[in-house]
file final-v5.pdb (PDB, C-alpha atoms)
ATOM      1  CA  MET A1062      89.177 100.230  83.356
ATOM      2  CA  ARG A1063      85.683 101.652  82.920
ATOM      3  CA  ARG A1064      85.842 103.425  86.295
ATOM      4  CA  SER A1065      89.247 104.860  85.464
ATOM      5  CA  VAL A1066      88.055 106.285  82.169
ATOM      6  CA  LEU A1067      84.812 107.650  83.684
ATOM      7  CA  SER A1068      86.665 109.418  86.501
ATOM      8  CA  PHE A1069      89.087 110.808  83.945
ATOM      9  CA  LEU A1070      86.255 112.184  81.805
ATOM     10  CA  LEU A1071      84.621 113.750  84.877
ATOM     11  CA  ALA A1072      87.829 115.552  85.766
ATOM     12  CA  VAL A1073      88.201 116.743  82.175
ATOM     13  CA  ALA A1074      84.664 118.124  82.206
ATOM     14  CA  LEU A1075      85.437 120.166  85.323
ATOM     15  CA  ALA A1076      88.834 121.403  84.109
ATOM     16  CA  PRO A1077      87.719 124.535  82.173
ATOM     17  CA  ALA A1078      85.545 125.744  85.030
ATOM     18  CA  PHE A1079      88.234 125.633  87.712
ATOM     19  CA  ALA A1080      91.463 126.234  85.759
ATOM     20  CA  PRO A1081      93.287 129.370  86.957
ATOM     21  CA  ALA A1082      95.131 131.875  84.816
ATOM     22  CA  ALA A1083      98.044 130.322  82.965
ATOM     23  CA  SER A1084     101.689 131.155  82.539
ATOM     24  CA  ALA A1085     103.880 130.675  79.489
ATOM     25  CA  ALA A1086     105.434 127.574  81.021
ATOM     26  CA  GLY A1087     102.039 125.898  81.245
ATOM     27  CA  SER A1088     102.324 124.639  77.651
ATOM     28  CA  ILE A1089     105.039 122.111  78.648
ATOM     29  CA  ASN A1090     104.413 119.243  81.027
ATOM     30  CA  ARG A1091     107.391 119.241  83.392
ATOM     31  CA  ASP A1092     108.089 118.772  87.086
ATOM     32  CA  ARG A1093     109.340 121.331  89.603
ATOM     33  CA  ARG A1094     112.916 120.807  88.460
ATOM     34  CA  GLY A1095     111.918 121.588  84.883
ATOM     35  CA  VAL A1096     112.364 117.976  83.688
ATOM     36  CA  ALA A1097     109.976 116.683  81.028
ATOM     37  CA  ILE A1098     108.529 113.166  80.525
ATOM     38  CA  ARG A1099     109.414 112.358  84.157
ATOM     39  CA  GLY A1100     113.043 111.945  83.192
ATOM     40  CA  TYR A1101     112.474 109.386  80.420
ATOM     41  CA  ASP A1102     114.477 109.447  77.201
ATOM     42  CA  PRO A1103     112.420 110.882  74.289
ATOM     43  CA  VAL A1104     114.767 109.429  71.665
ATOM     44  CA  ALA A1105     114.513 105.869  72.998
ATOM     45  CA  TYR A1106     110.807 105.806  72.123
ATOM     46  CA  PHE A1107     111.760 105.966  68.443
ATOM     47  CA  THR A1108     114.959 103.925  68.436
ATOM     48  CA  GLU A1109     114.075 101.157  70.923
ATOM     49  CA  ASN A1110     110.270 101.393  70.801
ATOM     50  CA  LYS A1111     110.043 101.334  74.594
ATOM     51  CA  ALA A1112     110.184 103.683  77.566
ATOM     52  CA  VAL A1113     113.746 104.032  78.856
ATOM     53  CA  LYS A1114     114.662 105.998  81.963
ATOM     54  CA  GLY A1115     117.155 108.766  81.218
ATOM     55  CA  ASP A1116     120.448 109.375  82.978
ATOM     56  CA  PRO A1117     120.833 112.769  84.726
ATOM     57  CA  ARG A1118     124.388 112.889  83.422
ATOM     58  CA  PHE A1119     123.124 113.276  79.845
ATOM     59  CA  THR A1120     120.754 116.231  79.602
ATOM     60  CA  ALA A1121     119.676 118.842  77.091
ATOM     61  CA  THR A1122     117.635 121.988  77.695
ATOM     62  CA  VAL A1123     115.189 123.396  75.149
ATOM     63  CA  ALA A1124     113.211 126.563  75.931
ATOM     64  CA  GLY A1125     113.744 126.117  79.667
ATOM     65  CA  THR A1126     112.691 122.447  79.669
ATOM     66  CA  THR A1127     115.250 119.757  80.491
ATOM     67  CA  TYR A1128     115.279 116.303  78.935
ATOM     68  CA  HIS A1129     117.203 113.304  80.214
ATOM     69  CA  PHE A1130     118.782 110.725  77.933
ATOM     70  CA  ALA A1131     120.071 107.199  78.284
ATOM     71  CA  SER A1132     123.332 107.972  76.464
ATOM     72  CA  ALA A1133     125.330 110.809  74.961
ATOM     73  CA  ALA A1134     124.502 109.569  71.466
ATOM     74  CA  TYR A1135     120.777 109.938  72.103
ATOM     75  CA  ARG A1136     121.360 113.404  73.511
ATOM     76  CA  ASP A1137     123.309 114.507  70.434
ATOM     77  CA  ARG A1138     120.611 113.131  68.162
ATOM     78  CA  PHE A1139     117.972 115.080  70.077
ATOM     79  CA  VAL A1140     119.912 118.344  69.964
ATOM     80  CA  THR A1141     120.150 118.218  66.173
ATOM     81  CA  ASP A1142     116.343 118.075  65.785
ATOM     82  CA  PRO A1143     114.389 118.546  69.066
ATOM     83  CA  ALA A1144     110.996 118.981  67.406
ATOM     84  CA  ARG A1145     111.229 115.505  65.927
ATOM     85  CA  TYR A1146     111.533 113.757  69.290
ATOM     86  CA  GLN A1147     109.489 116.005  71.580
ATOM     87  CA  PRO A1148     106.050 114.595  72.496
ATOM     88  CA  ARG A1149     102.994 116.203  71.022
ATOM     89  CA  TYR A1150     100.851 118.693  72.955
ATOM     90  CA  GLY A1151     103.620 119.644  75.365
ATOM     91  CA  GLY A1152     103.900 116.142  76.766
ATOM     92  CA  TYR A1153     100.390 116.119  78.226
ATOM     93  CA  CYS A1154      97.904 113.289  77.908
ATOM     94  CA  VAL A1155      96.667 113.348  74.306
ATOM     95  CA  PHE A1156      93.287 111.900  75.278
ATOM     96  CA  GLY A1157      92.846 114.621  77.894
ATOM     97  CA  VAL A1158      93.767 117.339  75.403
ATOM     98  CA  ALA A1159      91.162 115.963  73.009
ATOM     99  CA  GLN A1160      88.577 116.252  75.800
ATOM    100  CA  GLY A1161      89.655 119.803  76.656
ATOM    101  CA  GLY A1162      91.907 119.254  79.708
ATOM    102  CA  LYS A1163      95.601 119.057  80.613
ATOM    103  CA  PHE A1164      96.648 116.014  82.633
ATOM    104  CA  GLY A1165      99.799 114.188  83.567
ATOM    105  CA  ILE A1166     101.123 111.114  81.824
ATOM    106  CA  ASP A1167     102.514 107.664  82.373
ATOM    107  CA  PRO A1168     105.760 107.511  80.352
ATOM    108  CA  THR A1169     105.146 103.823  79.618
ATOM    109  CA  ALA A1170     101.708 104.531  78.069
ATOM    110  CA  PHE A1171     103.009 105.887  74.769
ATOM    111  CA  SER A1172     102.202 105.555  71.085
ATOM    112  CA  ILE A1173     104.099 106.547  67.953
ATOM    113  CA  ILE A1174     101.779 107.536  65.107
ATOM    114  CA  ASP A1175     103.173 108.833  61.832
ATOM    115  CA  GLY A1176     106.570 109.432  63.395
ATOM    116  CA  LYS A1177     105.179 111.488  66.304
ATOM    117  CA  LEU A1178     105.190 110.661  70.005
ATOM    118  CA  TYR A1179     101.891 110.662  71.920
ATOM    119  CA  LEU A1180     101.587 110.072  75.669
ATOM    120  CA  ASN A1181      98.562 109.132  77.782
ATOM    121  CA  LEU A1182      97.527 109.232  81.423
ATOM    122  CA  ASP A1183      97.746 105.449  81.843
ATOM    123  CA  HIS A1184      97.304 102.258  79.851
ATOM    124  CA  ASP A1185      93.514 102.194  80.258
ATOM    125  CA  VAL A1186      93.199 105.691  78.838
ATOM    126  CA  ARG A1187      95.565 104.770  76.020
ATOM    127  CA  ALA A1188      93.342 101.807  75.133
ATOM    128  CA  GLN A1189      90.338 104.135  75.004
ATOM    129  CA  TRP A1190      92.287 106.605  72.849
ATOM    130  CA  ARG A1191      93.372 103.920  70.371
ATOM    131  CA  LYS A1192      89.760 103.095  69.539
ATOM    132  CA  ASP A1193      89.594 106.159  67.244
ATOM    133  CA  VAL A1194      93.051 107.700  66.943
ATOM    134  CA  PRO A1195      92.445 110.010  63.920
ATOM    135  CA  ALA A1196      89.331 111.561  65.467
ATOM    136  CA  PHE A1197      91.011 112.143  68.836
ATOM    137  CA  ILE A1198      94.070 113.686  67.187
ATOM    138  CA  GLU A1199      91.855 116.008  65.154
ATOM    139  CA  ARG A1200      89.998 117.106  68.296
ATOM    140  CA  ALA A1201      93.274 117.562  70.164
ATOM    141  CA  ASP A1202      94.648 119.764  67.359
ATOM    142  CA  LYS A1203      91.616 122.023  67.750
ATOM    143  CA  GLN A1204      91.788 122.151  71.552
ATOM    144  CA  TRP A1205      95.530 122.606  71.991
ATOM    145  CA  PRO A1206      95.899 126.293  70.932
ATOM    146  CA  THR A1207      93.500 127.235  73.729
ATOM    147  CA  LEU A1208      94.860 124.773  76.286
ATOM    148  CA  ALA A1209      98.446 125.880  75.666
ATOM    149  CA  ARG A1210      97.580 129.218  77.270
ATOM    150  CA  GLN A1211      95.930 127.649  80.302
ATOM    151  CA  SER A1212      97.473 126.489  83.532
ATOM    152  CA  CYS A1213      98.461 122.865  83.998
ATOM    153  CA  ALA A1214      96.910 122.766  87.497
ATOM    154  CA  ARG A1215      94.452 119.939  87.984
ATOM    155  CA  PRO A1216      90.816 120.908  88.550
ATOM    156  CA  ARG A1217      89.479 120.823  92.054
ATOM    157  CA  LEU A1218      85.928 119.969  92.961
ATOM    158  CA  PRO A1219      84.044 122.818  94.629
ATOM    159  CA  ARG A1220      83.568 122.525  98.372
ATOM    160  CA  ALA A1221      80.042 122.054  99.593
ATOM    161  CA  ARG A1222      78.750 125.091 101.443
ATOM    162  CA  VAL A1223      76.447 124.706 104.411
ATOM    163  CA  ALA A1224      73.863 127.376 105.117
ATOM    164  CA  PRO A1225      74.669 129.329 108.310
ATOM    165  CA  CYS A1226      72.628 128.480 111.386
ATOM    166  CA  LYS A1227      70.483 131.226 112.907
ATOM    167  CA  THR A1228      70.843 130.227 116.562
ATOM    168  CA  PRO A1229      72.838 133.031 118.265
ATOM    169  CA  LEU A1230      75.627 132.411 120.731
ATOM    170  CA  ASP A1231      75.351 133.587 124.287
ATOM    171  CA  GLN A1232      77.077 136.878 124.939
ATOM    172  CA  GLY A1233      78.768 135.482 128.016
ATOM    173  CA  ASP A1234      80.444 132.631 126.132
ATOM    174  CA  SER A1235      84.194 132.568 126.473
ATOM    175  CA  SER A1236      86.177 133.606 123.408
ATOM    176  CA  LYS A1237      89.259 131.605 124.270
ATOM    177  CA  SER A1238      90.128 128.836 121.873
ATOM    178  CA  PHE A1239      90.379 125.297 123.075
ATOM    179  CA  VAL A1240      92.730 122.796 121.490
ATOM    180  CA  ALA A1241      91.197 119.390 121.043
ATOM    181  CA  THR A1242      93.066 116.162 121.433
ATOM    182  CA  SER A1243      93.596 116.105 117.667
ATOM    183  CA  GLY A1244      95.269 119.517 117.721
ATOM    184  CA  VAL A1245      92.416 121.399 115.990
ATOM    185  CA  HIS A1246      91.297 124.734 117.363
ATOM    186  CA  VAL A1247      87.606 124.633 118.090
ATOM    187  CA  GLY A1248      87.155 127.819 120.102
ATOM    188  CA  ARG A1249      84.562 130.465 119.392
ATOM    189  CA  ARG A1250      86.833 132.845 117.478
ATOM    190  CA  HIS A1251      89.156 130.190 116.094
ATOM    191  CA  CYS A1252      86.533 127.623 115.209
ATOM    192  CA  HIS A1253      87.415 125.444 112.260
ATOM    193  CA  HIS A1254      83.932 125.932 110.828
ATOM    194  CA  ARG A1255      84.258 129.741 111.031
ATOM    195  CA  ARG A1256      81.163 131.944 110.886
ATOM    196  CA  GLN A1257      78.786 129.477 109.294
ATOM    197  CA  HIS A1258      79.057 127.061 112.210
ATOM    198  CA  ARG A1259      79.539 129.285 115.250
ATOM    199  CA  CYS A1260      76.349 127.974 116.816
ATOM    200  CA  ARG A1261      77.937 124.519 117.009
ATOM    201  CA  THR A1262      81.131 125.711 118.651
ATOM    202  CA  ARG A1263      79.853 125.546 122.213
ATOM    203  CA  ALA A1264      78.679 121.961 121.773
ATOM    204  CA  VAL A1265      81.996 120.949 120.251
ATOM    205  CA  CYS A1266      83.956 122.635 123.031
ATOM    206  CA  GLY A1267      81.777 120.961 125.631
ATOM    207  CA  GLN A1268      82.385 117.551 124.102
ATOM    208  CA  VAL A1269      86.129 118.129 123.924
ATOM    209  CA  GLN A1270      86.291 119.362 127.505
ATOM    210  CA  ALA A1271      84.327 116.321 128.644
ATOM    211  CA  GLN A1272      86.797 114.078 126.841
ATOM    212  CA  VAL A1273      89.695 115.852 128.536
ATOM    213  CA  ARG A1274      88.062 115.482 131.946
ATOM    214  CA  ARG A1275      87.511 111.771 131.387
ATOM    215  CA  ARG A1276      91.097 111.388 130.271
ATOM    216  CA  ARG A1277      92.377 113.143 133.393
ATOM    217  CA  LYS A1278      90.246 110.901 135.603
ATOM    218  CA  ARG A1279      91.626 107.840 133.875
ATOM    219  CA  GLN A1280      95.164 109.116 134.357
ATOM    220  CA  GLN A1281      94.539 109.790 138.058
ATOM    221  CA  LEU A1282      93.018 106.334 138.464
ATOM    222  CA  ARG A1283      96.041 104.775 136.785
ATOM    223  CA  ARG A1284      98.406 106.661 139.060
ATOM    224  CA  LYS A1285      96.438 105.546 142.107
ATOM    225  CA  MET A1286      96.415 101.945 140.947
ATOM    226  CA  ARG A1287     100.137 102.078 140.250
ATOM    227  CA  TRP A1288     100.746 103.464 143.748
ATOM    228  CA  GLN A1289      98.625 100.739 145.308
ATOM    229  CA  VAL A1290     100.420  98.068 143.338
ATOM    230  CA  TRP A1291     103.784  99.516 144.328
ATOM    231  CA  CYS A1292     102.803  99.618 147.979
ATOM    232  CA  GLU A1293     101.547  96.042 147.808
ATOM    233  CA  VAL A1294     104.781  94.883 146.203
ATOM    234  CA  GLN A1295     106.816  96.694 148.834
ATOM    235  CA  GLY A1296     104.735  95.053 151.540
ATOM    236  CA  GLN A1297     105.346  91.635 150.032
ATOM    237  CA  VAL A1298     109.064  92.332 149.910
ATOM    238  CA  ARG A1299     109.102  93.391 153.556
ATOM    239  CA  ARG A1300     107.162  90.284 154.635
ATOM    240  CA  GLN A1301     109.513  88.051 152.679
ATOM    241  CA  VAL A1302     112.542  89.687 154.284
ATOM    242  CA  ARG A1303     111.016  89.218 157.727
ATOM    243  CA  ARG A1304     110.347  85.519 157.019
ATOM    244  CA  GLN A1305     113.926  85.082 155.909
ATOM    245  CA  GLU A1306     115.157  86.743 159.110
ATOM    246  CA  VAL A1307     112.927  84.483 161.265
ATOM    247  CA  VAL A1308     114.147  81.375 159.433
ATOM    248  CA  ALA A1309     117.759  82.450 159.930
ATOM    249  CA  VAL A1310     117.204  82.980 163.697
ATOM    250  CA  MET A1311     115.543  79.561 164.050
ATOM    251  CA  ARG A1312     118.407  77.842 162.251
ATOM    252  CA  ARG A1313     120.911  79.491 164.599
ATOM    253  CA  ARG A1314     118.978  78.273 167.653
ATOM    254  CA  LEU A1315     118.750  74.737 166.283
ATOM    255  CA  ALA A1316     122.466  74.759 165.505
ATOM    256  CA  ARG A1317     123.229  75.392 169.198
TER     257      ARG A1317
END
call {"tool": "encode", "arguments": {"input": "final-v5.pdb", "output": "structure tokens"}}
result
Amino acid sequence: MRRSVLSFLLAVALAPAFAPAASAAGSINRDRRGVAIRGYDPVAYFTENKAVKGDPRFTATVAGTTYHFASAAYRDRFVTDPARYQPRYGGYCVFGVAQGGKFGIDPTAFSIIDGKLYLNLDHDVRAQWRKDVPAFIERADKQWPTLARQSCARPRLPRARVAPCKTPLDQGDSSKSFVATSGVHVGRRHCHHRRQHRCRTRAVCGQVQAQVRRRRKRQQLRRKMRWQVWCEVQGQVRRQVRRQEVVAVMRRRLAR
């Protein structure tokens, strides 16, 4: 649990630095089909006090976001007052919003506080959030106006950059790319490491070519061994046939 919460806080800390420009739809947590709460029924949280998977046959759309319901009665109740049943902070993790980030949710990790639905990333994060609910809600209320305008994309850690080597390549080096056994181009112009690692390209190509040569030798050796085995088997078959013919001739002579 501690590792889960620490990794979550680390991702939240990096979210503002790597979040791209947002769209208007970024304020609602929904999938590619436009479905919110991963298809769970928002009304069932209040009526049954548990997470219930919605039925695609019973749907309602509010501001471009689709909600699934377990029954037509729940759908009709939602349509009369959507704001009452919609989760707070666009359906994002309330603990993440309080920390300044927008993260997905586990529909089963929910809480109903003062008649409002709050969702969390998972049960461990929900346990951490429940330690001081009023303070986290107050922080989330302050963070949400800014987060609502940001993208819902998860932050990505920056890639480590390696300083370019200063060893020049020979002018006579071939520029043709060579495809390794893994299918990665490692040629001079199509090197996976690009300009920063051009000095290593020749060594990589040499290693790959050596691997290919060894593989070809092994294949040739296997073919030769298979041919020898086949010839040996054929020889055994011929000798056995000859023995059978000799035995048959001897039996004929003895029968006379």
call {"tool": "residues_around", "arguments": {"input": "final-v5.pdb", "residues": "Gly1151 (chain A)", "least_positions_apart": "2", "cutoff": "12 Å", "atoms": "only C-alpha atoms", "output": "ChimeraX atom specification"}}
result
/A:1085-1091,1097-1098,1124,1126,1144,1146-1149,1153-1155,1158,1163-1166,1178-1181,1201,1205-1206,1208-1210,1213
call {"tool": "write_last_selection", "arguments": {"input": "final-v5.pdb", "atoms": "C-alpha atoms", "output": "PDB file, keeping the file's coordinate frame"}}
result
ATOM      1  CA  ALA A1085     103.880 130.675  79.489  1.00  0.00           C
ATOM      2  CA  ALA A1086     105.434 127.574  81.021  1.00  0.00           C
ATOM      3  CA  GLY A1087     102.039 125.898  81.245  1.00  0.00           C
ATOM      4  CA  SER A1088     102.324 124.639  77.651  1.00  0.00           C
ATOM      5  CA  ILE A1089     105.039 122.111  78.648  1.00  0.00           C
ATOM      6  CA  ASN A1090     104.413 119.243  81.027  1.00  0.00           C
ATOM      7  CA  ARG A1091     107.391 119.241  83.392  1.00  0.00           C
ATOM      8  CA  ALA A1097     109.976 116.683  81.028  1.00  0.00           C
ATOM      9  CA  ILE A1098     108.529 113.166  80.525  1.00  0.00           C
ATOM     10  CA  ALA A1124     113.211 126.563  75.931  1.00  0.00           C
ATOM     11  CA  THR A1126     112.691 122.447  79.669  1.00  0.00           C
ATOM     12  CA  ALA A1144     110.996 118.981  67.406  1.00  0.00           C
ATOM     13  CA  TYR A1146     111.533 113.757  69.290  1.00  0.00           C
ATOM     14  CA  GLN A1147     109.489 116.005  71.580  1.00  0.00           C
ATOM     15  CA  PRO A1148     106.050 114.595  72.496  1.00  0.00           C
ATOM     16  CA  ARG A1149     102.994 116.203  71.022  1.00  0.00           C
ATOM     17  CA  TYR A1153     100.390 116.119  78.226  1.00  0.00           C
ATOM     18  CA  CYS A1154      97.904 113.289  77.908  1.00  0.00           C
ATOM     19  CA  VAL A1155      96.667 113.348  74.306  1.00  0.00           C
ATOM     20  CA  VAL A1158      93.767 117.339  75.403  1.00  0.00           C
ATOM     21  CA  LYS A1163      95.601 119.057  80.613  1.00  0.00           C
ATOM     22  CA  PHE A1164      96.648 116.014  82.633  1.00  0.00           C
ATOM     23  CA  GLY A1165      99.799 114.188  83.567  1.00  0.00           C
ATOM     24  CA  ILE A1166     101.123 111.114  81.824  1.00  0.00           C
ATOM     25  CA  LEU A1178     105.190 110.661  70.005  1.00  0.00           C
ATOM     26  CA  TYR A1179     101.891 110.662  71.920  1.00  0.00           C
ATOM     27  CA  LEU A1180     101.587 110.072  75.669  1.00  0.00           C
ATOM     28  CA  ASN A1181      98.562 109.132  77.782  1.00  0.00           C
ATOM     29  CA  ALA A1201      93.274 117.562  70.164  1.00  0.00           C
ATOM     30  CA  TRP A1205      95.530 122.606  71.991  1.00  0.00           C
ATOM     31  CA  PRO A1206      95.899 126.293  70.932  1.00  0.00           C
ATOM     32  CA  LEU A1208      94.860 124.773  76.286  1.00  0.00           C
ATOM     33  CA  ALA A1209      98.446 125.880  75.666  1.00  0.00           C
ATOM     34  CA  ARG A1210      97.580 129.218  77.270  1.00  0.00           C
ATOM     35  CA  CYS A1213      98.461 122.865  83.998  1.00  0.00           C
TER      36      CYS A1213
END
call {"tool": "residues_around", "arguments": {"input": "final-v5.pdb", "residues": "Asp1142 (chain A)", "least_positions_apart": "3", "cutoff": "12 Å", "atoms": "only C-alpha atoms", "output": "PDB file with C-alpha atoms, in the frame of the given file"}}
result
ATOM      1  CA  PRO A1103     112.420 110.882  74.289  1.00  0.00           C
ATOM      2  CA  VAL A1104     114.767 109.429  71.665  1.00  0.00           C
ATOM      3  CA  ALA A1121     119.676 118.842  77.091  1.00  0.00           C
ATOM      4  CA  VAL A1123     115.189 123.396  75.149  1.00  0.00           C
ATOM      5  CA  TYR A1135     120.777 109.938  72.103  1.00  0.00           C
ATOM      6  CA  ARG A1136     121.360 113.404  73.511  1.00  0.00           C
ATOM      7  CA  ASP A1137     123.309 114.507  70.434  1.00  0.00           C
ATOM      8  CA  ARG A1138     120.611 113.131  68.162  1.00  0.00           C
ATOM      9  CA  PHE A1139     117.972 115.080  70.077  1.00  0.00           C
ATOM     10  CA  ARG A1145     111.229 115.505  65.927  1.00  0.00           C
ATOM     11  CA  TYR A1146     111.533 113.757  69.290  1.00  0.00           C
ATOM     12  CA  GLN A1147     109.489 116.005  71.580  1.00  0.00           C
TER      13      GLN A1147
END
call {"tool": "atom_distance", "arguments": {"input": "final-v5.pdb", "atom1": "CA of Phe1130 (chain A)", "atom2": "CA of Asp1116 (chain A)"}}
result
5.5 Å
call {"tool": "atom_distance", "arguments": {"input": "final-v5.pdb", "atom1": "CA of Phe1107 (chain A)", "atom2": "CA of Thr1141 (chain A)"}}
result
15.0 Å
call {"tool": "resolve_selection", "arguments": {"input": "final-v5.pdb", "expression": "the PyMOL selection byres ((chain A and resi 1156) around 12)", "output": "PyMOL selection string"}}
result
chain A and resi 1066+1069-1070+1073+1149-1150+1152-1155+1157-1166+1170-1172+1179-1202+1204-1205
call {"tool": "closest_residue", "arguments": {"input": "final-v5.pdb", "among": "A:Gln1305, A:Gln1297, A:Ser1132, A:Thr1120", "to": "Ala1105 (chain A)", "atoms": "only C-alpha atoms"}}
result
A:Ser1132
call {"tool": "closest_residue", "arguments": {"input": "final-v5.pdb", "among": "A:Arg1118, A:Tyr1128, A:Gln1295, A:Asn1110", "to": "Gly1176 (chain A)", "atoms": "all atoms listed in the file"}}
result
A:Asn1110
call {"tool": "atom_distance", "arguments": {"input": "final-v5.pdb", "atom1": "CA of Tyr1101 (chain A)", "atom2": "CA of Ala1131 (chain A)"}}
result
8.2 Å
call {"tool": "build_atoms", "arguments": {"input": "final-v5.pdb", "residues": "region 1115-1122 of chain A", "atoms": "all heavy atoms", "output": "PDB file, in the coordinates of the input"}}
result
ATOM      1  N   GLY A1115     115.968 108.019  81.568  1.00  0.00           N
ATOM      2  CA  GLY A1115     117.155 108.766  81.218  1.00  0.00           C
ATOM      3  C   GLY A1115     118.141 108.870  82.360  1.00  0.00           C
ATOM      4  O   GLY A1115     117.803 108.663  83.528  1.00  0.00           O
ATOM      5  N   ASP A1116     119.366 109.212  82.008  1.00  0.00           N
ATOM      6  CA  ASP A1116     120.448 109.375  82.978  1.00  0.00           C
ATOM      7  C   ASP A1116     120.659 110.870  83.209  1.00  0.00           C
ATOM      8  O   ASP A1116     120.857 111.626  82.246  1.00  0.00           O
ATOM      9  CB  ASP A1116     121.726 108.735  82.444  1.00  0.00           C
ATOM     10  CG  ASP A1116     122.801 108.622  83.522  1.00  0.00           C
ATOM     11  OD1 ASP A1116     122.766 109.422  84.475  1.00  0.00           O
ATOM     12  OD2 ASP A1116     123.679 107.745  83.396  1.00  0.00           O
ATOM     13  N   PRO A1117     120.623 111.330  84.468  1.00  0.00           N
ATOM     14  CA  PRO A1117     120.833 112.769  84.726  1.00  0.00           C
ATOM     15  C   PRO A1117     122.175 113.294  84.240  1.00  0.00           C
ATOM     16  O   PRO A1117     122.352 114.511  84.131  1.00  0.00           O
ATOM     17  CB  PRO A1117     120.719 112.872  86.259  1.00  0.00           C
ATOM     18  CG  PRO A1117     119.923 111.677  86.663  1.00  0.00           C
ATOM     19  CD  PRO A1117     120.291 110.596  85.697  1.00  0.00           C
ATOM     20  N   ARG A1118     123.099 112.424  83.924  1.00  0.00           N
ATOM     21  CA  ARG A1118     124.388 112.889  83.422  1.00  0.00           C
ATOM     22  C   ARG A1118     124.291 113.385  81.978  1.00  0.00           C
ATOM     23  O   ARG A1118     125.109 114.195  81.546  1.00  0.00           O
ATOM     24  CB  ARG A1118     125.414 111.764  83.505  1.00  0.00           C
ATOM     25  CG  ARG A1118     125.740 111.310  84.923  1.00  0.00           C
ATOM     26  CD  ARG A1118     126.752 110.185  84.903  1.00  0.00           C
ATOM     27  NE  ARG A1118     126.230 109.026  84.158  1.00  0.00           N
ATOM     28  CZ  ARG A1118     126.950 107.933  83.891  1.00  0.00           C
ATOM     29  NH1 ARG A1118     128.224 107.861  84.273  1.00  0.00           N
ATOM     30  NH2 ARG A1118     126.405 106.923  83.229  1.00  0.00           N
ATOM     31  N   PHE A1119     123.293 112.879  81.240  1.00  0.00           N
ATOM     32  CA  PHE A1119     123.124 113.276  79.845  1.00  0.00           C
ATOM     33  C   PHE A1119     121.822 114.067  79.728  1.00  0.00           C
ATOM     34  O   PHE A1119     120.729 113.489  79.750  1.00  0.00           O
ATOM     35  CB  PHE A1119     123.081 112.038  78.939  1.00  0.00           C
ATOM     36  CG  PHE A1119     124.235 111.100  79.145  1.00  0.00           C
ATOM     37  CD1 PHE A1119     124.043 109.865  79.747  1.00  0.00           C
ATOM     38  CD2 PHE A1119     125.516 111.461  78.760  1.00  0.00           C
ATOM     39  CE1 PHE A1119     125.095 109.002  79.943  1.00  0.00           C
ATOM     40  CE2 PHE A1119     126.581 110.599  78.949  1.00  0.00           C
ATOM     41  CZ  PHE A1119     126.375 109.380  79.547  1.00  0.00           C
ATOM     42  N   THR A1120     121.927 115.356  79.641  1.00  0.00           N
ATOM     43  CA  THR A1120     120.754 116.231  79.602  1.00  0.00           C
ATOM     44  C   THR A1120     120.887 117.236  78.468  1.00  0.00           C
ATOM     45  O   THR A1120     121.986 117.528  77.987  1.00  0.00           O
ATOM     46  CB  THR A1120     120.585 116.990  80.928  1.00  0.00           C
ATOM     47  OG1 THR A1120     121.737 117.822  81.152  1.00  0.00           O
ATOM     48  CG2 THR A1120     120.420 116.030  82.092  1.00  0.00           C
ATOM     49  N   ALA A1121     119.748 117.765  78.074  1.00  0.00           N
ATOM     50  CA  ALA A1121     119.676 118.842  77.091  1.00  0.00           C
ATOM     51  C   ALA A1121     118.496 119.728  77.459  1.00  0.00           C
ATOM     52  O   ALA A1121     117.444 119.226  77.862  1.00  0.00           O
ATOM     53  CB  ALA A1121     119.528 118.298  75.677  1.00  0.00           C
ATOM     54  N   THR A1122     118.668 121.028  77.322  1.00  0.00           N
ATOM     55  CA  THR A1122     117.635 121.988  77.695  1.00  0.00           C
ATOM     56  C   THR A1122     117.149 122.714  76.458  1.00  0.00           C
ATOM     57  O   THR A1122     117.949 123.272  75.692  1.00  0.00           O
ATOM     58  CB  THR A1122     118.169 123.002  78.715  1.00  0.00           C
ATOM     59  OG1 THR A1122     118.666 122.298  79.870  1.00  0.00           O
ATOM     60  CG2 THR A1122     117.071 123.953  79.164  1.00  0.00           C
TER      61      THR A1122
END
